[in-house]
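Here the structure is laid out as structure tokens; the discussion comes afterwards.
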Protein chains: 2
Amino acid sequence: MNIGSLIFPKMDQADFTVPFEVLSRIPNATVHVLWKDKAPVTDVNGLVLTPTTSLEECPALDVLHVPGGIGQEALMEDETVLRFVGERAVHAQFVLSVCTGALICGAAGLLKGRRATTHWAAFELLPFFGATAVKERYVVDGKLITTAGVTAGMDGALHLAAVMCGEKVAQEIQLEIEYAPAPPFESGTPETAPSDVLATVREGYRKLVARRRVTAERVAKRIGVEVRGLPT
Amino acid sequence: MNIGSLIFPKMDQADFTVPFEVLSRIPNATVHVLWKDKAPVTDVNGLVLTPTTSLEECPALDVLHVPGGIGQEALMEDETVLRFVGERAVHAQFVLSVCTGALICGAAGLLKGRRATTHWAAFELLPFFGATAVKERYVVDGKLITTAGVTAGMDGALHLAAVMCGEKVAQEIQLEIEYAPAPPFESGTPETAPSDVLATVREGYRKLVARRRVTAERVAKRIGVEVRGLPT
């Protein structure tokens, strides 16, 4: 089984490494770490990640995994990446997007007419890609599995492992990695975070959110999606 | 603030990358990715990780972070690593071990007289390092924070962020990474996993557990810990 995880500069490393922890434990699976070439890339917080396989060399994929993070913006109109994602998605059994990896999938046209989710701060952009936005930890629509922000990749990847190999295999992996989470705070979503915490994080995201909106509007035109009734 | 995360061959990448996601977001923190030299190392499931800093070059650390994974066995009697861990722990404000990183800390003498935890499959070895084994997601004893297996590094790292920078900062990070976990199964601990799942995983670990036990007995002698009443 061939699994391909896209990496790219200024990605969020955990959007990749958290699902990798599950996907790489699937029996007989090979995870190809994919980028345009095989030179290392640096994630948004400075972690150096090294591709194993270039997009050109990449074999046929059973699973295409598309992480997100701030660097996603630079890929939204990148012909090479969008063509790769669009073409590989056709033949893959499953496409797993994590966090704002959903926006890359959207720019490649994969979200049209689909139910989907993404990081909460990008959630309202989903209609620009023709998607119905669904507030769930991960959303399954046919071969497409989209997850919420960063750490949701764990839940989505375990679901994917179960669908591909059966629940027992997914449960074995969960036990191996002792995934019995116990967050010390309840601040993981805008709905549960203290209001001052939410305000600070929203303010930190303000410019990024505005830039993403402009890009999303441009992408919507390109892929022929008309959006009505959104807040401006 | 200088944070040092040890990486090594055949480690479990998520023991490092999951806490990295939190630690690298701490304001004014630099995370040094540490190994003997700066050549890339490969994790137990094939992920290539690149050090930023050699042990020799490493500046004074506020936080020492010690991941685990199968490669931990090879470090249990590695003079260079144990001396580094032991010396840096003296001056660090906090030591965070994840998964079987606790055994490395134990071999460096850091667990003597401490309450500690580790991956469930290594839990019964803690007394060999002079520790009182405590079944919690993460255990705090003075400057030492030990966590359970792999994914518990997230909970321990968020606790650490709160202790160092205040709860608000930790909660902001939690919101940014949307850490509101929703595991699709309840198989994350031996107590909750289905019995056939537990049996399969235990069998997979059998040889590793036996090897670790022999090493732990040897380490216990070296560091002067006498263990009585353990199952043989």
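Numbering starts fresh at 1 for the residues of each chain in the structure tokens, the chains themselves are lettered A, B, ... in the order given, and ligands are numbered from 1 as they appear.
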(Q) When you look at Phe185 (chain A) with a cut-off of 12 Å (counting only C-alpha atoms), what residues show up, excluding the ones that are within fewer than 4 positions of it in the same chain? I need them as a VMD selection string. (A) (chain A and resid 181 189 192 to 194 197) or (chain B and resid 154 to 159 161 to 162 167 to 175 178 to 181)
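For region 33-153 of chain B, a DSSP pass over the backbone yields alpha helix (DSSP H) at Gln72, Glu73, Ala74, Leu75, Glu79, Thr80, Val81, Leu82, Arg83, Phe84, Val85, Gly86, Glu87, Arg88, Ala89, Val90, His91, Gly101, Ala102, Leu103, Ile104, Cys105, Gly106, Ala107, Ala152 and Gly153 of chain B.
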Those residues you just picked out, can you put them in a file as a PDB file, in the first residue's frame with C-alpha atoms?
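Writing the result to part07.pdb gives the following:
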ATOM      1  CA  GLN B  72      15.994   4.177  23.508  1.00  0.00           C
ATOM      2  CA  GLU B  73      17.482   0.740  24.255  1.00  0.00           C
ATOM      3  CA  ALA B  74      20.716   1.653  22.476  1.00  0.00           C
ATOM      4  CA  LEU B  75      21.118   4.746  24.668  1.00  0.00           C
ATOM      5  CA  GLU B  79      28.089   7.289  28.203  1.00  0.00           C
ATOM      6  CA  THR B  80      27.910  10.402  26.014  1.00  0.00           C
ATOM      7  CA  VAL B  81      24.130  10.611  26.041  1.00  0.00           C
ATOM      8  CA  LEU B  82      23.710   9.723  29.713  1.00  0.00           C
ATOM      9  CA  ARG B  83      26.317  12.265  30.775  1.00  0.00           C
ATOM     10  CA  PHE B  84      24.625  14.920  28.626  1.00  0.00           C
ATOM     11  CA  VAL B  85      21.175  14.154  30.029  1.00  0.00           C
ATOM     12  CA  GLY B  86      22.431  13.973  33.605  1.00  0.00           C
ATOM     13  CA  GLU B  87      24.422  17.197  33.435  1.00  0.00           C
ATOM     14  CA  ARG B  88      21.795  19.222  31.584  1.00  0.00           C
ATOM     15  CA  ALA B  89      19.078  18.084  33.954  1.00  0.00           C
ATOM     16  CA  VAL B  90      20.959  19.658  36.869  1.00  0.00           C
ATOM     17  CA  HIS B  91      20.728  23.154  35.450  1.00  0.00           C
ATOM     18  CA  GLY B 101      12.315   8.602  27.207  1.00  0.00           C
ATOM     19  CA  ALA B 102      11.720   8.079  30.944  1.00  0.00           C
ATOM     20  CA  LEU B 103      14.000   5.025  30.796  1.00  0.00           C
ATOM     21  CA  ILE B 104      16.808   7.123  29.327  1.00  0.00           C
ATOM     22  CA  CYS B 105      16.293   9.633  32.130  1.00  0.00           C
ATOM     23  CA  GLY B 106      16.267   6.708  34.549  1.00  0.00           C
ATOM     24  CA  ALA B 107      19.553   5.372  33.211  1.00  0.00           C
ATOM     25  CA  ALA B 152       0.785  11.784  26.148  1.00  0.00           C
ATOM     26  CA  GLY B 153       3.588  14.168  25.201  1.00  0.00           C
TER      27      GLY B 153
END
Q) Do you know which residues are at most 6 Å from Gly130 (chain B) counting only C-alpha atoms, after dropping those on the same chain fewer than 4 positions away, and could you put them as number ranges by chain? A) B: 112-113, 225
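Coordinates place CA of Asp62 (chain B) at a distance of 22.9 Å from CA of Arg137 (chain B).
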Q: Please return as a ChimeraX atom specification: the residues of region 6-208 of chain A that backbone DSSP assigns to strand (DSSP E).
A: /A:6,30-35,41-42,48-49,53-54,63-66,94-97,115-116,132-133,138-141,144-147
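For the pair CA of Leu34 (chain A) and CA of Leu6 (chain A), the interatomic distance is 4.7 Å.
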